[in-house]
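Engineer: Quick one: the structure is below, and I'll ask about it shortly.
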Amino acid sequence: MKLLFEKGNTGRKSSILPENDVPSVIPKCALRQKEMRLPGLSESEISRHYSSLAKRAHGVNDGFYPLGSCTMKYNPKINEETASLSGFTKIHPLQPENTVQGCLKLLYIAEKYLCEITGMDAMTMQPAAGAHGEFTGLLLIKAYHESRNDKKRDKIIVPDSAHGTNPASAAMAGFKVISIPSGKDGCVDIVKLKEVLGEDTAGLMLTNPNTLGLFDKNILEITKMVHEAGGLNYYDGANLNAVMGIVRPGDMGFDVIHINLHKTFSAPHGGGGPGSGPVGCKDFLKKFLPGKIVVKQEDDIYMLHKTEESIGDVKSFYGNFQVVVKALTYIIMLGKNGILETAENAVLNANYMRVKLSDCYDVAYDRTCMHEFVVTMKNMKKEHGVLALDIAKALLDYGVHPPTIYFPLIVHEALMIEPTETETKETLDEAICVFKDIYKKAEEAPEKVHEYPYNTVVRRPDEVLAATKPKLQYYMGSKNNTGKGVL
């Protein structure tokens with residue numbers, strides 16, 4: 001497929017942008033001295049180009065998308081309609097507070113609802129995504145210990161089944177990362193945890209249910225142990241979709257949490273739009289929250305307040321506001337009972353697939369799971385040479401997006417499957433048939449499975465080359481003395 005620059009021709013143009021209707025305030029010295037090198041294209045050419053690109057992509061609107069640990073569920077269109085209302089789009093973050101009372105009220109209500117769902121006392125909407133929320137939450141933990149002049153606490157404990165962003169966020173926040181192994185049941189090894197707890201423990205980062213889709217039955221004991229050692233408990237909210245409305249992280253003993261609004265509250269995920277990773281905390285950490293918090297006055301006037309001991313801004317203004325609008329729409333539309341039913345159906349769908357696939361696929365931990373489960377292809381690899389990657393590639397030819405592969409790292413040749421609650425039984429049955437059909441082919445003709453996919457535009461690119469020498473620039477024009485073209 002040609003790039004727009006390769007399709008363009010001199011003299012063609014398209015008037016798809018409206019004329020500027022406000023006076024220009026850009027100084028002449030800052031203006032471009034020569035025209036940008038943009039391709040000459042008609043509107044129809046532009047439209048066809050991006051329509052062709054869209055046909056190459058697979059999203060939740062196209063088919064089954066069981067990407068484990070990412071909750072790629074359908075996003076109700078009413079979310080987009082609400083976020084498109086002019087009262088939410090034609091505003092500026094620097095407007096006087098009295099002119100954006102509706103927006104401030106929305107942030108206030110969103111905070112209250114999210115605190116109720118998570119069992120927290122306060123929340124900031126500033127963080128732009130999940131990992132950003134992790135980093136922010138860890139800064140709260142750091143500020144707490146420093147405020148008590150307890151600076152020896154410099155270690156964050158992270159289970160080996162954690163999301164990769166957990167240790168990365170802890171390191172970025174200036175902590176030393178201590179990894180502890182999982183027990184035979186796939187959950188935290190209590191004995192190993194006890195061994196690493198001490199006066200230098202700043203906190204524990206944990207996802208519950210974890211990346212294996214398992215709810216840790218010892219969670220109350222775990223959080224109590226960390227508290228008794230003087231540390232705080234951080235909840236990675238990536239898997240909140242499985243338990244919201246059923247159990248609250250705050251009631252499990254967690255002090256800080258981040259929420260992925262773009263996952264759990266459908267607003268939407270990945271390339272569909274920006275993320276949002278609000279961070280909630282218990283009352284004793286509220287004074288450290290970043291940015292400004294919306295406060296409701298007695299006369300129903302909403303004001304912005306910044307605490308004296310705030311860690312400072314982690315993003316400009318109030319985070320990705322439109323994502324909060326979408327998430328709040330989702331919460332209000334579902335209501336209390338709908339939130340509960342969402343989690344129940346997510347767990348039901350995952351267990352339905354797990355049981356149906358267990359007669360051929362090896363489930364890593366074959367017991368009741370939560371929102372996702374993990375199968376291992378290690379025996380298939382040993383007996384037939386077929387890898388988890390081969391299964392993932394084969395799914396593409398069936399119109400099914402592959403699940404997460406090779407994660408968590410504690411399961412060899414892993415396929416992590418999360419069907420989400422928005423899929424019907426009929427869709428799950430079709431997907432189960434696809435998985436089983438591929439498994440049968442892997443047993444009977446493994447050499448053919450190695451060649452999947454057969455029908456996609458791009459089949460099997462050299463992944464090592466793509467990772468080490470990616471082509472991220474398009475060169476055009478005359479050659480310079482380095483042999484490369486000028487951008």
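Ordering of the structure tokens sets the chain letters (A, B, ...), residue numbers begin anew at 1 in every chain, and ligands are numbered from 1 in the order given.
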Within 7 Å of stretch 69-83 of chain A, which residues of stretch 154-263 of chain A show up? Give each one with its shortest atom-to-atom distance in Å (one decimal) and the two atoms involved, counting only C-alpha atoms, rows by chain then rising residue number, as CSV.

Structural biologist:
residue,atom,partner,partner_atom,distance
A:Thr211,CA,A:Ser69,CA,6.5
A:Ala238,CA,A:Ser69,CA,7.0
A:Asn239,CA,A:Ser69,CA,6.8
A:Lys263,CA,A:Thr71,CA,5.6

Engineer: From a backbone DSSP assignment, name each residue in stretch 253-457 of chain A labelled strand (DSSP E), as a ChimeraX atom specification.

Structural biologist: /A:256-259,279-281,293-296,302-305,362-363,373-376,404-405,414-417

Engineer: Would you write out those residues with C-alpha atoms, as a PDB file, in the first residue's frame?

Structural biologist:
ATOM      1  CA  VAL A 256      -3.764   3.627  46.680  1.00  0.00           C
ATOM      2  CA  ILE A 257      -5.276   2.577  43.370  1.00  0.00           C
ATOM      3  CA  HIS A 258      -5.176   3.576  39.740  1.00  0.00           C
ATOM      4  CA  ILE A 259      -8.136   2.946  37.446  1.00  0.00           C
ATOM      5  CA  VAL A 279      -5.582   7.656  41.094  1.00  0.00           C
ATOM      6  CA  GLY A 280      -7.601   7.113  44.252  1.00  0.00           C
ATOM      7  CA  CYS A 281      -6.340   7.009  47.818  1.00  0.00           C
ATOM      8  CA  ILE A 293      -9.389  18.783  43.352  1.00  0.00           C
ATOM      9  CA  VAL A 294     -12.987  19.879  42.823  1.00  0.00           C
ATOM     10  CA  VAL A 295     -14.613  20.970  46.075  1.00  0.00           C
ATOM     11  CA  LYS A 296     -18.354  21.504  46.503  1.00  0.00           C
ATOM     12  CA  TYR A 302     -17.908  23.989  42.632  1.00  0.00           C
ATOM     13  CA  MET A 303     -14.387  25.290  43.137  1.00  0.00           C
ATOM     14  CA  LEU A 304     -10.886  24.000  42.436  1.00  0.00           C
ATOM     15  CA  HIS A 305      -8.588  23.425  45.393  1.00  0.00           C
ATOM     16  CA  ASP A 362      -3.797 -27.077  28.709  1.00  0.00           C
ATOM     17  CA  VAL A 363      -5.076 -24.451  31.142  1.00  0.00           C
ATOM     18  CA  PHE A 373      -7.485 -17.346  32.056  1.00  0.00           C
ATOM     19  CA  VAL A 374      -4.155 -18.567  30.701  1.00  0.00           C
ATOM     20  CA  VAL A 375      -3.460 -21.634  28.593  1.00  0.00           C
ATOM     21  CA  THR A 376       0.004 -23.004  27.926  1.00  0.00           C
ATOM     22  CA  THR A 404      -2.061 -11.802  24.664  1.00  0.00           C
ATOM     23  CA  ILE A 405       0.857 -14.194  24.146  1.00  0.00           C
ATOM     24  CA  ALA A 414       1.230 -18.603  27.293  1.00  0.00           C
ATOM     25  CA  LEU A 415      -2.010 -17.511  25.678  1.00  0.00           C
ATOM     26  CA  MET A 416      -3.944 -15.179  27.989  1.00  0.00           C
ATOM     27  CA  ILE A 417      -7.621 -14.994  27.020  1.00  0.00           C
TER      28      ILE A 417
END

Engineer: Which value, in Å to one decimal, gives the distance between atom CA of A:Gly253 and atom CA of A:Leu204?

Structural biologist: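 That distance, rounded to one decimal, is 11.3 Å.
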
Engineer: Would you work out the distance separating atom CA of A:Gly137 from atom CA of A:His92, expressed in Å to one decimal?

Structural biologist: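 Going from atom CA of A:Gly137 over to atom CA of A:His92 covers 27.2 Å.
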
Engineer: Restricting the calculation to only C-alpha atoms: of A:Leu140, A:Ile180, A:Ala392, A:Leu261, which residue gets closest to A:Phe288?

Structural biologist: A:Leu140

Engineer: Quick one: residues within 10 Å of stretch 379-390 of chain A, only C-alpha atoms counted, chain neighbours fewer than 5 positions away excluded, as a list of chain:residue names?

Structural biologist: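 The residues that qualify are A:Tyr361, A:Asp362, A:Leu395, A:Pro402, A:Pro403, A:Thr404, A:Ile405, A:Tyr406, A:His412, A:Glu413, A:Ala414, A:Leu415, A:Ile438, A:Tyr439, A:Ala442, A:Glu443, A:Glu444, A:Ala445, A:Pro446, A:Glu447, A:Lys448, A:Val449, A:His450, A:Glu451, A:Tyr452, A:Pro453.
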
Engineer: With C-alpha atoms retained, could you export that selection as an mmCIF file, in the first residue's frame?

Structural biologist:
data_model
loop_
_atom_site.group_PDB
_atom_site.id
_atom_site.type_symbol
_atom_site.label_atom_id
_atom_site.label_comp_id
_atom_site.auth_asym_id
_atom_site.auth_seq_id
_atom_site.Cartn_x
_atom_site.Cartn_y
_atom_site.Cartn_z
ATOM 1 C CA TYR A 361 -5.879 -26.821 25.525
ATOM 2 C CA ASP A 362 -3.797 -27.077 28.709
ATOM 3 C CA LEU A 395 -6.434 -16.838 14.593
ATOM 4 C CA PRO A 402 -5.176 -13.087 19.029
ATOM 5 C CA PRO A 403 -5.099 -13.098 22.812
ATOM 6 C CA THR A 404 -2.061 -11.802 24.664
ATOM 7 C CA ILE A 405 0.857 -14.194 24.146
ATOM 8 C CA TYR A 406 3.930 -15.011 26.232
ATOM 9 C CA HIS A 412 5.659 -20.891 29.253
ATOM 10 C CA GLU A 413 4.141 -20.504 25.775
ATOM 11 C CA ALA A 414 1.230 -18.603 27.293
ATOM 12 C CA LEU A 415 -2.010 -17.511 25.678
ATOM 13 C CA ILE A 438 -6.650 -24.583 14.996
ATOM 14 C CA TYR A 439 -5.585 -26.982 17.741
ATOM 15 C CA ALA A 442 -1.671 -28.122 14.912
ATOM 16 C CA GLU A 443 -1.801 -31.817 15.798
ATOM 17 C CA GLU A 444 -2.446 -33.102 12.270
ATOM 18 C CA ALA A 445 -0.450 -30.686 10.101
ATOM 19 C CA PRO A 446 1.891 -28.596 12.255
ATOM 20 C CA GLU A 447 3.940 -27.541 9.226
ATOM 21 C CA LYS A 448 0.903 -25.718 7.816
ATOM 22 C CA VAL A 449 0.194 -23.982 11.112
ATOM 23 C CA HIS A 450 3.753 -22.607 11.056
ATOM 24 C CA GLU A 451 2.815 -20.669 7.905
ATOM 25 C CA TYR A 452 -0.271 -18.863 9.225
ATOM 26 C CA PRO A 453 -1.692 -16.370 8.439
#

Engineer: Which one of A:Leu220, A:Leu107, A:Leu289, A:Leu396 sits closest to A:Val323 if you count only C-alpha atoms?

Structural biologist: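 Closest to A:Val323 of all the choices is A:Leu107.
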
Engineer: Go through A:Thr201, A:Gln322, A:Thr118, A:Gln33 one by one, measure the shortest atom-to-atom distance of each to A:Phe88 using only C-alpha atoms, and give the residue with the smallest value.

Structural biologist: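 Among the listed residues, A:Gln322 lies closest to A:Phe88.
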
Engineer: Got a sec: who's within 9 Å of A:Ala128, counting only C-alpha atoms, leaving out chain neighbours fewer than 4 positions off, as an MDAnalysis selection string?

Structural biologist: chainID A and resid 132:133 274:278 314:315 319:320

Engineer: Take the residues from that selection and write them out as a CSV table (one decimal), in the first residue's frame, keeping N, CA and C atoms.

Structural biologist:
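The file below, part15.csv, is the result:
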chain,number,residue,atom,x,y,z
A,132,HIS,N,0.9,5.8,33.9
A,132,HIS,CA,1.0,7.2,34.5
A,132,HIS,C,0.4,7.2,35.9
A,133,GLY,N,-0.7,6.5,36.0
A,133,GLY,CA,-1.4,6.4,37.3
A,133,GLY,C,-0.5,5.7,38.3
A,274,PRO,N,-7.5,8.7,23.6
A,274,PRO,CA,-6.6,8.8,24.7
A,274,PRO,C,-7.0,8.0,26.0
A,275,GLY,N,-6.1,7.8,26.8
A,275,GLY,CA,-6.4,7.0,28.0
A,275,GLY,C,-6.7,8.0,29.2
A,276,SER,N,-6.9,7.3,30.3
A,276,SER,CA,-7.1,8.1,31.6
A,276,SER,C,-6.9,7.1,32.7
A,277,GLY,N,-6.0,7.5,33.7
A,277,GLY,CA,-5.7,6.6,34.8
A,277,GLY,C,-5.8,7.3,36.1
A,278,PRO,N,-7.1,7.7,36.5
A,278,PRO,CA,-7.3,8.4,37.8
A,278,PRO,C,-6.7,7.6,38.9
A,314,VAL,N,1.1,16.3,37.6
A,314,VAL,CA,1.7,15.2,36.8
A,314,VAL,C,1.2,15.3,35.3
A,315,LYS,N,0.3,16.2,35.1
A,315,LYS,CA,-0.2,16.5,33.7
A,315,LYS,C,-0.7,17.9,33.7
A,319,GLY,N,-6.3,16.4,33.5
A,319,GLY,CA,-6.3,15.1,32.8
A,319,GLY,C,-7.1,15.2,31.5
A,320,ASN,N,-7.3,14.0,31.0
A,320,ASN,CA,-8.1,13.9,29.7
A,320,ASN,C,-9.6,13.9,30.0

Engineer: Taking only C-alpha atoms into account, which of A:Gly87, A:Pro167, A:Pro290, A:Pro419 comes nearest A:Met123?

Structural biologist: A:Pro290

Engineer: Please provide as a list of chain:residue names all residues within 12 Å of A:Ile109, with the sequence filter that same-chain residues fewer than 3 positions apart are discarded (counting only C-alpha atoms).

Structural biologist: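 Here the qualifying residues turn out to be A:Gly102, A:Cys103, A:Leu104, A:Lys105, A:Leu106, A:Lys112, A:Tyr113, A:Leu114, A:Cys115, A:Glu116, A:Ala122, A:Met123, A:Met125, A:Ile293, A:Val294, A:Val295, A:Lys296, A:Tyr302, A:Val324, A:Val325, A:Ala327, A:Leu328, A:Thr329, A:Ile331, A:Ile332.
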
Engineer: With C-alpha atoms retained, export the selected residues as a PDB file, in the first residue's frame.

Structural biologist:
ATOM      1  CA  GLY A 102     -21.192  21.881  34.759  1.00  0.00           C
ATOM      2  CA  CYS A 103     -17.768  20.465  33.940  1.00  0.00           C
ATOM      3  CA  LEU A 104     -16.575  20.848  37.516  1.00  0.00           C
ATOM      4  CA  LYS A 105     -19.732  19.145  38.775  1.00  0.00           C
ATOM      5  CA  LEU A 106     -19.088  16.270  36.371  1.00  0.00           C
ATOM      6  CA  LYS A 112     -17.542  10.259  44.150  1.00  0.00           C
ATOM      7  CA  TYR A 113     -18.735   7.342  42.007  1.00  0.00           C
ATOM      8  CA  LEU A 114     -15.225   6.012  41.416  1.00  0.00           C
ATOM      9  CA  CYS A 115     -14.395   6.314  45.117  1.00  0.00           C
ATOM     10  CA  GLU A 116     -17.543   4.369  45.962  1.00  0.00           C
ATOM     11  CA  ALA A 122     -10.337  10.873  47.282  1.00  0.00           C
ATOM     12  CA  MET A 123      -9.214  10.816  43.674  1.00  0.00           C
ATOM     13  CA  MET A 125      -8.190  12.693  37.358  1.00  0.00           C
ATOM     14  CA  ILE A 293      -9.389  18.783  43.352  1.00  0.00           C
ATOM     15  CA  VAL A 294     -12.987  19.879  42.823  1.00  0.00           C
ATOM     16  CA  VAL A 295     -14.613  20.970  46.075  1.00  0.00           C
ATOM     17  CA  LYS A 296     -18.354  21.504  46.503  1.00  0.00           C
ATOM     18  CA  TYR A 302     -17.908  23.989  42.632  1.00  0.00           C
ATOM     19  CA  VAL A 324     -13.891  11.078  32.173  1.00  0.00           C
ATOM     20  CA  VAL A 325     -17.118  12.225  30.479  1.00  0.00           C
ATOM     21  CA  ALA A 327     -16.608   6.865  31.725  1.00  0.00           C
ATOM     22  CA  LEU A 328     -19.185   8.688  33.825  1.00  0.00           C
ATOM     23  CA  THR A 329     -21.776   8.173  31.078  1.00  0.00           C
ATOM     24  CA  ILE A 331     -21.344   4.321  34.992  1.00  0.00           C
ATOM     25  CA  ILE A 332     -24.632   6.247  35.058  1.00  0.00           C
TER      26      ILE A 332
END

Engineer: What is the distance, in Å and to one decimal place, between atom CA of A:Met333 and atom CA of A:Val400?

Structural biologist: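 Answer for the atom CA of A:Met333 to atom CA of A:Val400 separation: 28.9 Å.
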
Engineer: If we count only C-alpha atoms and set the cut-off at 9 Å, which residues sit around A:Gly59, ignoring sequence neighbours fewer than 4 positions away in its own chain? Please answer as number ranges by chain.

Structural biologist: A: 63-65, 72, 272, 401

Engineer: How about saving the chosen residues, N, CA and C atoms kept, as an mmCIF file, in the first residue's frame?

Structural biologist:
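That gives us again-v8.cif:
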data_model
loop_
_atom_site.group_PDB
_atom_site.id
_atom_site.type_symbol
_atom_site.label_atom_id
_atom_site.label_comp_id
_atom_site.auth_asym_id
_atom_site.auth_seq_id
_atom_site.Cartn_x
_atom_site.Cartn_y
_atom_site.Cartn_z
ATOM 1 N N GLY A 63 -14.751 -7.713 15.300
ATOM 2 C CA GLY A 63 -14.891 -9.111 15.691
ATOM 3 C C GLY A 63 -14.360 -9.373 17.077
ATOM 4 N N PHE A 64 -14.282 -10.639 17.423
ATOM 5 C CA PHE A 64 -13.867 -11.069 18.754
ATOM 6 C C PHE A 64 -12.451 -10.587 19.047
ATOM 7 N N TYR A 65 -12.241 -10.038 20.240
ATOM 8 C CA TYR A 65 -10.981 -9.384 20.582
ATOM 9 C C TYR A 65 -10.571 -9.747 22.011
ATOM 10 N N MET A 72 -10.507 -5.401 26.187
ATOM 11 C CA MET A 72 -10.908 -4.747 24.946
ATOM 12 C C MET A 72 -12.387 -5.006 24.693
ATOM 13 N N GLY A 272 -8.219 3.846 19.782
ATOM 14 C CA GLY A 272 -9.513 4.503 19.678
ATOM 15 C C GLY A 272 -9.589 5.842 20.363
ATOM 16 N N HIS A 401 -9.094 -11.670 16.768
ATOM 17 C CA HIS A 401 -7.856 -11.047 17.224
ATOM 18 C C HIS A 401 -7.171 -11.981 18.216
#

Engineer: Given only C-alpha atoms as the basis, pick out the residue of A:His145, A:Gly312, A:Ile26, A:Ser44 nearest to A:Gly230.

Structural biologist: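 Residue with the minimum atom-to-atom distance to A:Gly230: A:His145.
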
Engineer: Taking only C-alpha atoms into account, which of A:Lys393, A:Leu472, A:Arg153, A:Leu212 comes nearest A:Val458?

Structural biologist: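 For A:Val458, the nearest of the given residues is A:Lys393.
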
Engineer: Using DSSP on the backbone coordinates, identify the residues of stretch 123-186 of chain A assigned to helix (DSSP H, G or I); present them as a VMD selection string.

Structural biologist: chain A and resid 130 to 147 165 to 172

Engineer: Any chance you can output those residues with C-alpha atoms as a JSON list (two decimals), in the first residue's frame?

Structural biologist:
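Okay, this is what ended up in part03.json:
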[["chain", "number", "residue", "atom", "x", "y", "z"],
["A", 130, "GLY", "CA", -2.60, 3.32, 33.62],
["A", 131, "ALA", "CA", 1.19, 3.41, 33.87],
["A", 132, "HIS", "CA", 1.01, 7.16, 34.47],
["A", 133, "GLY", "CA", -1.40, 6.40, 37.30],
["A", 134, "GLU", "CA", 1.01, 3.83, 38.74],
["A", 135, "PHE", "CA", 3.80, 6.39, 38.75],
["A", 136, "THR", "CA", 1.53, 8.96, 40.40],
["A", 137, "GLY", "CA", 0.36, 6.51, 43.06],
["A", 138, "LEU", "CA", 3.94, 5.57, 43.88],
["A", 139, "LEU", "CA", 4.80, 9.26, 44.26],
["A", 140, "LEU", "CA", 2.00, 9.47, 46.84],
["A", 141, "ILE", "CA", 3.54, 6.56, 48.75],
["A", 142, "LYS", "CA", 6.94, 8.21, 48.56],
["A", 143, "ALA", "CA", 5.55, 11.55, 49.77],
["A", 144, "TYR", "CA", 3.84, 9.81, 52.69],
["A", 145, "HIS", "CA", 7.04, 8.19, 53.95],
["A", 146, "GLU", "CA", 9.07, 11.36, 53.42],
["A", 147, "SER", "CA", 6.50, 13.41, 55.37],
["A", 165, "THR", "CA", 4.75, -1.46, 34.01],
["A", 166, "ASN", "CA", 4.70, -2.11, 37.78],
["A", 167, "PRO", "CA", 8.46, -2.52, 38.30],
["A", 168, "ALA", "CA", 9.13, 0.13, 35.68],
["A", 169, "SER", "CA", 6.92, 2.67, 37.45],
["A", 170, "ALA", "CA", 8.49, 1.85, 40.81],
["A", 171, "ALA", "CA", 11.97, 2.36, 39.40],
["A", 172, "MET", "CA", 10.96, 5.66, 37.80]]

Engineer: I want to know what sits within 8 Å of A:Asn349, based on only C-alpha atoms, with residues of the same chain fewer than 3 positions away left out; could you give that as a ChimeraX atom specification?

Structural biologist: /A:345-346,352-353,371,419-421,423,425,428
